[in-house]
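A.B. asks: coords.pdb (PDB, C-alpha atoms, pLDDT in the B column) pasted underneath:
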```pdb
ATOM      1  CA  MET A 157      30.822 -15.205 -17.452  1.00 56.00           C
ATOM      2  CA  ALA A 158      31.476 -14.484 -13.784  1.00 63.00           C
ATOM      3  CA  ASP A 159      31.543 -10.801 -14.732  1.00 91.00           C
ATOM      4  CA  PHE A 160      27.916 -11.054 -15.894  1.00 90.00           C
ATOM      5  CA  LYS A 161      26.901 -12.687 -12.593  1.00 93.00           C
ATOM      6  CA  ASP A 162      28.681 -10.030 -10.549  1.00 93.00           C
ATOM      7  CA  GLU A 163      27.212  -7.250 -12.691  1.00 92.00           C
ATOM      8  CA  ILE A 164      23.662  -8.553 -12.228  1.00 93.00           C
ATOM      9  CA  ARG A 165      24.123  -9.088  -8.480  1.00 94.00           C
ATOM     10  CA  SER A 166      25.481  -5.556  -8.090  1.00 93.00           C
ATOM     11  CA  GLN A 167      22.404  -4.097  -9.781  1.00 94.00           C
ATOM     12  CA  ILE A 168      19.837  -5.688  -7.459  1.00 95.00           C
ATOM     13  CA  VAL A 169      18.009  -2.940  -5.585  1.00 94.00           C
ATOM     14  CA  LEU A 170      14.636  -3.582  -3.992  1.00 94.00           C
ATOM     15  CA  LYS A 171      12.592  -0.530  -4.839  1.00 91.00           C
ATOM     16  CA  GLU A 172       8.953  -0.220  -5.771  1.00 89.00           C
ATOM     17  CA  HIS A 173       8.814   3.321  -7.091  1.00 88.00           C
ATOM     18  CA  HIS A 174      10.764   5.241  -9.738  1.00 90.00           C
ATOM     19  CA  TRP A 175      11.300   2.205 -11.981  1.00 90.00           C
ATOM     20  CA  GLN A 176      13.367   3.460 -14.924  1.00 92.00           C
ATOM     21  CA  ASN A 177      13.267   0.541 -17.385  1.00 90.00           C
ATOM     22  CA  ILE A 178       9.519   0.001 -17.467  1.00 88.00           C
ATOM     23  CA  LYS A 179       9.282  -1.135 -21.098  1.00 89.00           C
ATOM     24  CA  THR A 180      12.311  -3.458 -21.023  1.00 90.00           C
ATOM     25  CA  THR A 181      11.705  -5.379 -17.776  1.00 92.00           C
ATOM     26  CA  ASN A 182       9.026  -7.850 -16.752  1.00 93.00           C
ATOM     27  CA  CYS A 183       7.619  -9.268 -13.504  1.00 94.00           C
ATOM     28  CA  TYR A 184      10.618 -11.584 -13.057  1.00 96.00           C
ATOM     29  CA  ALA A 185      13.131  -8.725 -13.299  1.00 95.00           C
ATOM     30  CA  PHE A 186      10.988  -6.706 -10.897  1.00 96.00           C
ATOM     31  CA  ALA A 187      10.782  -9.558  -8.374  1.00 97.00           C
ATOM     32  CA  LEU A 188      14.572  -9.846  -8.475  1.00 97.00           C
ATOM     33  CA  GLY A 189      15.007  -6.074  -8.050  1.00 96.00           C
ATOM     34  CA  LEU A 190      16.614  -5.572 -11.465  1.00 95.00           C
ATOM     35  CA  ASP A 191      15.776  -2.196 -12.965  1.00 94.00           C
ATOM     36  CA  VAL A 192      18.141  -2.778 -15.890  1.00 90.00           C
ATOM     37  CA  PRO A 193      17.267  -2.744 -19.588  1.00 88.00           C
ATOM     38  CA  GLY A 194      16.589  -6.003 -21.364  1.00 84.00           C
ATOM     39  CA  ASP A 195      15.615  -6.961 -24.893  1.00 78.00           C
ATOM     40  CA  ARG A 196      11.922  -7.787 -24.829  1.00 69.00           C
ATOM     41  CA  HIS A 197      12.181  -9.578 -28.190  1.00 66.00           C
ATOM     42  CA  ASP A 198      14.871 -11.961 -26.980  1.00 79.00           C
ATOM     43  CA  HIS A 199      14.599 -14.364 -24.028  1.00 81.00           C
ATOM     44  CA  HIS A 200      15.838 -11.638 -21.671  1.00 86.00           C
ATOM     45  CA  PHE A 201      14.319 -11.933 -18.175  1.00 92.00           C
ATOM     46  CA  GLN A 202      12.741 -15.292 -18.984  1.00 94.00           C
ATOM     47  CA  LEU A 203      13.259 -18.215 -16.619  1.00 96.00           C
ATOM     48  CA  GLY A 204      16.628 -19.764 -17.430  1.00 97.00           C
ATOM     49  CA  ASP A 205      18.058 -16.631 -19.072  1.00 94.00           C
ATOM     50  CA  PHE A 206      20.506 -15.836 -16.260  1.00 95.00           C
ATOM     51  CA  TYR A 207      21.679 -19.452 -16.094  1.00 97.00           C
ATOM     52  CA  CYS A 208      22.335 -19.471 -19.844  1.00 96.00           C
ATOM     53  CA  ASN A 209      24.187 -16.150 -19.802  1.00 93.00           C
ATOM     54  CA  ILE A 210      26.405 -17.273 -16.934  1.00 95.00           C
ATOM     55  CA  THR A 211      27.095 -20.852 -18.028  1.00 96.00           C
ATOM     56  CA  GLY A 212      26.967 -20.458 -21.823  1.00 95.00           C
ATOM     57  CA  ALA A 213      24.161 -23.023 -22.167  1.00 97.00           C
ATOM     58  CA  LYS A 214      21.743 -22.627 -25.085  1.00 96.00           C
ATOM     59  CA  TYR A 215      18.449 -21.095 -23.985  1.00 96.00           C
ATOM     60  CA  SER A 216      16.383 -23.211 -26.411  1.00 95.00           C
ATOM     61  CA  GLU A 217      17.804 -26.424 -24.927  1.00 97.00           C
ATOM     62  CA  VAL A 218      17.334 -25.309 -21.340  1.00 97.00           C
ATOM     63  CA  LYS A 219      13.758 -24.212 -22.028  1.00 96.00           C
ATOM     64  CA  GLU A 220      12.949 -27.511 -23.719  1.00 97.00           C
ATOM     65  CA  ASN A 221      14.498 -29.775 -21.085  1.00 98.00           C
ATOM     66  CA  TYR A 222      13.627 -28.105 -17.770  1.00 98.00           C
ATOM     67  CA  THR A 223      10.432 -26.977 -16.053  1.00 95.00           C
ATOM     68  CA  ARG A 224       9.882 -23.344 -15.166  1.00 94.00           C
ATOM     69  CA  LEU A 225      10.606 -24.061 -11.499  1.00 95.00           C
ATOM     70  CA  ASP A 226      13.797 -25.892 -12.489  1.00 98.00           C
ATOM     71  CA  ARG A 227      14.870 -22.872 -14.538  1.00 97.00           C
ATOM     72  CA  LEU A 228      14.054 -20.497 -11.685  1.00 97.00           C
ATOM     73  CA  ASN A 229      16.281 -22.508  -9.350  1.00 97.00           C
ATOM     74  CA  MET A 230      18.995 -22.717 -12.023  1.00 98.00           C
ATOM     75  CA  ASP A 231      18.914 -18.913 -12.377  1.00 98.00           C
ATOM     76  CA  LEU A 232      19.088 -18.335  -8.629  1.00 98.00           C
ATOM     77  CA  ASP A 233      21.943 -20.832  -8.270  1.00 98.00           C
ATOM     78  CA  ALA A 234      23.849 -19.281 -11.190  1.00 97.00           C
ATOM     79  CA  LEU A 235      23.420 -15.820  -9.655  1.00 97.00           C
ATOM     80  CA  GLU A 236      24.516 -17.246  -6.307  1.00 96.00           C
ATOM     81  CA  LEU A 237      21.425 -15.903  -4.592  1.00 97.00           C
ATOM     82  CA  GLU A 238      20.630 -17.880  -1.471  1.00 97.00           C
ATOM     83  CA  HIS A 239      17.102 -19.195  -1.821  1.00 98.00           C
ATOM     84  CA  GLU A 240      14.681 -21.472  -0.048  1.00 98.00           C
ATOM     85  CA  GLU A 241      10.975 -22.119  -0.037  1.00 98.00           C
ATOM     86  CA  ALA A 242       9.214 -19.827   2.434  1.00 98.00           C
ATOM     87  CA  ASP A 243       5.861 -19.094   3.995  1.00 97.00           C
ATOM     88  CA  PRO A 244       4.251 -16.077   2.268  1.00 97.00           C
ATOM     89  CA  GLU A 245       3.455 -14.657   5.725  1.00 97.00           C
ATOM     90  CA  GLU A 246       7.170 -14.188   6.483  1.00 97.00           C
ATOM     91  CA  GLN A 247       8.626 -10.709   6.240  1.00 97.00           C
ATOM     92  CA  THR A 248      11.004  -9.074   3.800  1.00 97.00           C
ATOM     93  CA  ILE A 249      13.926  -7.491   5.636  1.00 96.00           C
ATOM     94  CA  ILE A 250      16.405  -4.930   4.365  1.00 95.00           C
ATOM     95  CA  ASN A 251      19.162  -4.259   6.879  1.00 96.00           C
ATOM     96  CA  ILE A 252      21.760  -1.531   6.277  1.00 95.00           C
ATOM     97  CA  THR A 253      24.932  -1.366   8.376  1.00 96.00           C
ATOM     98  CA  TYR A 254      28.364   0.199   7.946  1.00 95.00           C
ATOM     99  CA  ASP A 255      31.815  -1.339   8.255  1.00 93.00           C
ATOM    100  CA  GLU A 256      34.741   0.265  10.084  1.00 93.00           C
ATOM    101  CA  ASN A 257      35.582   2.336   6.984  1.00 92.00           C
ATOM    102  CA  GLY A 258      32.064   3.721   6.645  1.00 92.00           C
ATOM    103  CA  ASN A 259      31.195   1.522   3.651  1.00 93.00           C
ATOM    104  CA  GLU A 260      27.540   0.587   3.436  1.00 94.00           C
ATOM    105  CA  ILE A 261      26.587  -3.088   3.775  1.00 95.00           C
ATOM    106  CA  VAL A 262      23.076  -4.038   2.681  1.00 95.00           C
ATOM    107  CA  ASP A 263      21.600  -7.378   3.679  1.00 97.00           C
ATOM    108  CA  TYR A 264      18.544  -8.188   1.597  1.00 97.00           C
ATOM    109  CA  SER A 265      16.215 -11.002   2.648  1.00 98.00           C
ATOM    110  CA  TRP A 266      13.118 -10.816   0.482  1.00 98.00           C
ATOM    111  CA  LEU A 267      10.196 -12.911  -0.626  1.00 98.00           C
ATOM    112  CA  ILE A 268       9.101 -13.601  -4.179  1.00 98.00           C
ATOM    113  CA  ALA A 269       5.928 -15.479  -5.074  1.00 96.00           C
ATOM    114  CA  TYR A 270       5.485 -17.568  -8.203  1.00 95.00           C
ATOM    115  CA  PHE A 271       2.114 -17.827  -9.968  1.00 92.00           C
ATOM    116  CA  TYR A 272       1.170 -19.814 -13.060  1.00 89.00           C
ATOM    117  CA  SER A 273      -1.726 -19.572 -15.500  1.00 84.00           C
ATOM    118  CA  SER A 274      -2.484 -22.758 -17.411  1.00 81.00           C
ATOM    119  CA  GLN A 275      -5.049 -20.849 -19.477  1.00 79.00           C
ATOM    120  CA  ARG A 276      -2.432 -18.356 -20.696  1.00 79.00           C
ATOM    121  CA  GLY A 277       0.533 -20.740 -20.403  1.00 83.00           C
ATOM    122  CA  ASP A 278       2.457 -18.024 -18.572  1.00 87.00           C
ATOM    123  CA  TYR A 279       3.970 -17.276 -15.174  1.00 91.00           C
ATOM    124  CA  HIS A 280       3.878 -14.231 -12.929  1.00 92.00           C
ATOM    125  CA  PHE A 281       6.033 -13.077 -10.008  1.00 95.00           C
ATOM    126  CA  LEU A 282       5.390 -10.794  -7.059  1.00 96.00           C
ATOM    127  CA  ARG A 283       7.803  -9.362  -4.507  1.00 97.00           C
ATOM    128  CA  LYS A 284       6.972  -8.590  -0.888  1.00 98.00           C
ATOM    129  CA  ALA A 285       8.001  -5.188   0.469  1.00 97.00           C
ATOM    130  CA  PRO A 286       9.144  -4.729   4.099  1.00 97.00           C
ATOM    131  CA  ASN A 287       5.729  -3.234   4.971  1.00 96.00           C
ATOM    132  CA  GLY A 288       3.999  -6.535   4.086  1.00 97.00           C
ATOM    133  CA  VAL A 289       2.531  -5.388   0.750  1.00 96.00           C
ATOM    134  CA  TRP A 290       3.121  -7.525  -2.350  1.00 96.00           C
ATOM    135  CA  TRP A 291       4.241  -5.643  -5.476  1.00 96.00           C
ATOM    136  CA  HIS A 292       4.401  -6.794  -9.084  1.00 94.00           C
ATOM    137  CA  LYS A 293       4.816  -5.636 -12.644  1.00 92.00           C
ATOM    138  CA  GLN A 294       2.472  -6.982 -15.333  1.00 86.00           C
ATOM    139  CA  GLY A 295       4.651  -8.068 -18.241  1.00 83.00           C
ATOM    140  CA  PHE A 296       6.880  -5.650 -20.109  1.00 86.00           C
ATOM    141  CA  ASP A 297       4.148  -3.033 -20.523  1.00 85.00           C
ATOM    142  CA  GLY A 298       2.936  -2.750 -16.936  1.00 87.00           C
ATOM    143  CA  VAL A 299       4.243  -0.481 -14.226  1.00 90.00           C
ATOM    144  CA  PRO A 300       5.090  -1.660 -10.706  1.00 94.00           C
ATOM    145  CA  ASN A 301       2.008  -1.648  -8.495  1.00 92.00           C
ATOM    146  CA  CYS A 302       0.546  -3.353  -5.458  1.00 93.00           C
ATOM    147  CA  HIS A 303      -3.020  -4.022  -6.648  1.00 89.00           C
ATOM    148  CA  ASP A 304      -4.601  -7.381  -7.366  1.00 84.00           C
ATOM    149  CA  GLY A 305      -5.758  -6.662 -10.928  1.00 75.00           C
ATOM    150  CA  ILE A 306      -9.329  -7.808 -10.273  1.00 73.00           C
ATOM    151  CA  TRP A 307     -10.727  -5.793  -7.391  1.00 76.00           C
ATOM    152  CA  PHE A 308      -7.841  -3.270  -7.261  1.00 81.00           C
ATOM    153  CA  ASN A 309      -7.203  -4.043  -3.617  1.00 87.00           C
ATOM    154  CA  VAL A 310      -3.742  -3.697  -2.120  1.00 92.00           C
ATOM    155  CA  ILE A 311      -2.193  -7.178  -2.062  1.00 92.00           C
ATOM    156  CA  ARG A 312      -1.409  -8.350   1.447  1.00 93.00           C
ATOM    157  CA  ASP A 313      -2.398 -12.031   1.209  1.00 92.00           C
ATOM    158  CA  ILE A 314      -1.435 -13.856  -1.981  1.00 91.00           C
ATOM    159  CA  THR A 315      -3.144 -17.137  -1.060  1.00 85.00           C
ATOM    160  CA  SER A 316      -6.669 -15.996  -0.127  1.00 74.00           C
ATOM    161  CA  LYS A 317      -8.188 -15.465  -3.571  1.00 68.00           C
ATOM    162  CA  PRO A 318      -7.161 -15.724  -7.195  1.00 66.00           C
ATOM    163  CA  LEU A 319      -5.083 -12.798  -8.351  1.00 73.00           C
ATOM    164  CA  PHE A 320      -4.728 -11.523 -11.892  1.00 70.00           C
ATOM    165  CA  PHE A 321      -7.730 -13.423 -13.243  1.00 66.00           C
ATOM    166  CA  HIS A 322      -6.469 -16.949 -13.995  1.00 66.00           C
ATOM    167  CA  ASP A 323      -3.132 -17.098 -12.196  1.00 74.00           C
ATOM    168  CA  LYS A 324      -2.676 -19.864  -9.634  1.00 87.00           C
ATOM    169  CA  TYR A 325      -0.356 -19.404  -6.665  1.00 90.00           C
ATOM    170  CA  ILE A 326       2.435 -22.021  -6.772  1.00 93.00           C
ATOM    171  CA  LYS A 327       4.997 -21.160  -4.072  1.00 94.00           C
ATOM    172  CA  THR A 328       7.023 -18.518  -2.289  1.00 97.00           C
ATOM    173  CA  TYR A 329      10.799 -18.273  -2.035  1.00 98.00           C
ATOM    174  CA  ARG A 330      13.028 -16.316   0.297  1.00 98.00           C
ATOM    175  CA  LEU A 331      16.042 -14.828  -1.477  1.00 98.00           C
ATOM    176  CA  ARG A 332      19.102 -13.473   0.296  1.00 98.00           C
ATOM    177  CA  LEU A 333      21.879 -11.221  -0.899  1.00 97.00           C
ATOM    178  CA  ARG A 334      24.581  -9.284   0.940  1.00 96.00           C
ATOM    179  CA  LYS A 335      25.968  -6.263  -0.917  1.00 93.00           C
ATOM    180  CA  GLU A 336      28.965  -4.292   0.190  1.00 89.00           C
ATOM    181  CA  CYS A 337      28.833  -0.823  -1.353  1.00 81.00           C
ATOM    182  CA  LYS A 338      32.105   1.069  -1.504  1.00 70.00           C
TER     183      LYS A 338
END
```
Just give me the structure of the file as structure tokens.
C.D. replies:
Amino acid sequence: MADFKDEIRSQIVLKEHHWQNIKTTNCYAFALGLDVPGDRHDHHFQLGDFYCNITGAKYSEVKENYTRLDRLNMDLDALELEHEEADPEEQTIINITYDENGNEIVDYSWLIAYFYSSQRGDYHFLRKAPNGVWWHKQGFDGVPNCHDGIWFNVIRDITSKPLFFHDKYIKTYRLRLRKECK
């Protein structure tokens, strides 16, 4: 299962535009920077999915026994993505350097925000770009965008007003990943 973890980690790229797998990814995949196809009729890209694929645990049992936030942390731990709670005002940083052989090294330090709607019984994720704008993808059918869904304003402050009708802001996490590209 380590191969799955390494494969997923290698495919993380923080881009907002030119998303290829629009119909097979959701807001969670987008927040993690995963433009890879999933099966929208399975539990692909649902909280706990990565943990189950890496550890072999049954998704139905994990979903039944753990909260969404527990499953998010389980996924991030299983993927070995450094993560900690963060202030949504912090910045996303993408730093590219080169080693002595000219190989690219990318250090990602990005913010994701978690929202929940008790009315819909669903969650939503956003990802902060280096320019301070929050981007998201509405479900499997939406396309990545940076608008609030109500007033169609560019999202710069995720805590000032309700976004996406009934979603409630829960918390922000900083994720970190170092990728060495050869």
A.B. asks: Just the number, please: distance in Å from atom CA of Asp191 of chain A to atom CA of Gln176 of chain A, one decimal.
C.D. replies: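 So the two atoms, atom CA of Asp191 of chain A and atom CA of Gln176 of chain A, lie 6.5 Å apart.
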A.B. asks: Give me the residues within 8 Å of Ile250 of chain A as a list in words, counting all atoms listed in the file and dropping any in the same chain fewer than 4 places off.
C.D. replies: Val262, Asp263, Tyr264, Ser265, Trp266 and Pro286 of chain A
A.B. asks: Find the residues around Leu188 of chain A up to 9 Å (all atoms listed in the file counted), leave out those fewer than 4 positions away in its own chain, and share them as a VMD selection string.
C.D. replies: chain A and resid 168 to 170 183 to 184 268 283 331
A.B. asks: Under the rule that all atoms listed in the file are counted, which of A:Ala242, A:Leu237, A:Leu225, A:Ile210 is the nearest residue to Tyr272 of chain A?
C.D. replies: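 Nearest to Tyr272 of chain A: A:Leu225.
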A.B. asks: Under the PyMOL selection byres ((chain A and resi 289) around 7), which residues of this model are included? Write them out as a list of chain:residue names.
C.D. replies: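 Against this file, the PyMOL selection byres ((chain A and resi 289) around 7) returns the residues A:Lys284, A:Ala285, A:Asn287, A:Gly288, A:Trp290, A:Trp291, A:Cys302, A:Ile311, A:Arg312.
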A.B. asks: Would you please work out which residue, of A:Asp304, A:Asp233, A:Asp255, A:Glu163, is nearest to Cys337 of chain A when using only C-alpha atoms?
C.D. replies: A:Asp255
A.B. asks: Take the PyMOL selection byres ((chain A and resi 211) around 10), run it mentally on this structure, and tell me the resulting residues as a list in words.
C.D. replies: Met157, Ala158, Lys161, Phe206, Tyr207, Cys208, Asn209, Ile210, Gly212, Ala213, Lys214 and Ala234 of chain A
A.B. asks: Excluding His280 of chain A and its own-chain neighbours fewer than 3 positions away, which residues fall within 10 Å of it when counting only C-alpha atoms? Please give them as a ChimeraX atom specification.
C.D. replies: /A:182-184,187,269-273,292-295,320,323-325
A.B. asks: So how many Å separate atom CA of Tyr215 of chain A and atom CA of Leu203 of chain A, to one decimal?
C.D. replies: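 Calculated distance between atom CA of Tyr215 of chain A and atom CA of Leu203 of chain A is 9.5 Å.
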A.B. asks: By how many Å are atom CA of Tyr329 of chain A and atom CA of Asp205 of chain A apart?
C.D. replies: 18.6 Å
A.B. asks: Counting only C-alpha atoms, which residues sit no farther than 10 Å from the position (11.5, -17.8, -27.9) in the file's frame? I'd like them as a CSV table (one decimal) with C-alpha atoms, in the frame of the given file.
C.D. replies:
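The file below, point-v2.csv, is the result:
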```
chain,number,residue,atom,x,y,z
A,197,HIS,CA,12.2,-9.6,-28.2
A,198,ASP,CA,14.9,-12.0,-27.0
A,199,HIS,CA,14.6,-14.4,-24.0
A,200,HIS,CA,15.8,-11.6,-21.7
A,202,GLN,CA,12.7,-15.3,-19.0
A,215,TYR,CA,18.4,-21.1,-24.0
A,216,SER,CA,16.4,-23.2,-26.4
A,219,LYS,CA,13.8,-24.2,-22.0
```
A.B. asks: Complete the atom set of segment 245-258 of chain A to N, CA, C and O atoms and return it as a CSV table (one decimal), in the coordinates of the input.
C.D. replies:
```
chain,number,residue,atom,x,y,z
A,245,GLU,N,3.7,-15.6,4.6
A,245,GLU,CA,3.5,-14.7,5.7
A,245,GLU,C,4.7,-14.1,6.3
A,245,GLU,O,4.7,-13.2,7.1
A,246,GLU,N,5.9,-14.7,6.0
A,246,GLU,CA,7.2,-14.2,6.5
A,246,GLU,C,7.4,-12.8,6.0
A,246,GLU,O,6.7,-12.3,5.0
A,247,GLN,N,8.4,-12.1,6.6
A,247,GLN,CA,8.6,-10.7,6.2
A,247,GLN,C,9.9,-10.5,5.4
A,247,GLN,O,10.8,-11.3,5.4
A,248,THR,N,9.8,-9.5,4.5
A,248,THR,CA,11.0,-9.1,3.8
A,248,THR,C,11.8,-8.1,4.7
A,248,THR,O,11.2,-7.3,5.4
A,249,ILE,N,13.1,-8.3,4.7
A,249,ILE,CA,13.9,-7.5,5.6
A,249,ILE,C,15.1,-6.9,4.8
A,249,ILE,O,15.8,-7.6,4.1
A,250,ILE,N,15.2,-5.6,5.0
A,250,ILE,CA,16.4,-4.9,4.4
A,250,ILE,C,17.2,-4.3,5.5
A,250,ILE,O,16.6,-3.4,6.2
A,251,ASN,N,18.4,-4.7,5.8
A,251,ASN,CA,19.2,-4.3,6.9
A,251,ASN,C,20.4,-3.6,6.3
A,251,ASN,O,21.2,-4.1,5.6
A,252,ILE,N,20.6,-2.3,6.7
A,252,ILE,CA,21.8,-1.5,6.3
A,252,ILE,C,22.7,-1.3,7.5
A,252,ILE,O,22.2,-0.7,8.5
A,253,THR,N,23.9,-1.6,7.3
A,253,THR,CA,24.9,-1.4,8.4
A,253,THR,C,26.1,-0.8,7.7
A,253,THR,O,26.2,-0.6,6.5
A,254,TYR,N,27.1,-0.4,8.5
A,254,TYR,CA,28.4,0.2,7.9
A,254,TYR,C,29.6,-0.5,8.6
A,254,TYR,O,29.6,-0.8,9.8
A,255,ASP,N,30.6,-0.7,7.7
A,255,ASP,CA,31.8,-1.3,8.3
A,255,ASP,C,32.7,-0.3,8.9
A,255,ASP,O,32.3,0.9,8.9
A,256,GLU,N,33.9,-0.7,9.4
A,256,GLU,CA,34.7,0.3,10.1
A,256,GLU,C,35.2,1.4,9.2
A,256,GLU,O,35.7,2.4,9.7
A,257,ASN,N,35.2,1.3,7.9
A,257,ASN,CA,35.6,2.3,7.0
A,257,ASN,C,34.4,3.2,6.5
A,257,ASN,O,34.6,4.1,5.7
A,258,GLY,N,33.2,2.9,7.0
A,258,GLY,CA,32.1,3.7,6.6
A,258,GLY,C,31.4,3.2,5.4
A,258,GLY,O,30.5,3.9,4.9
```
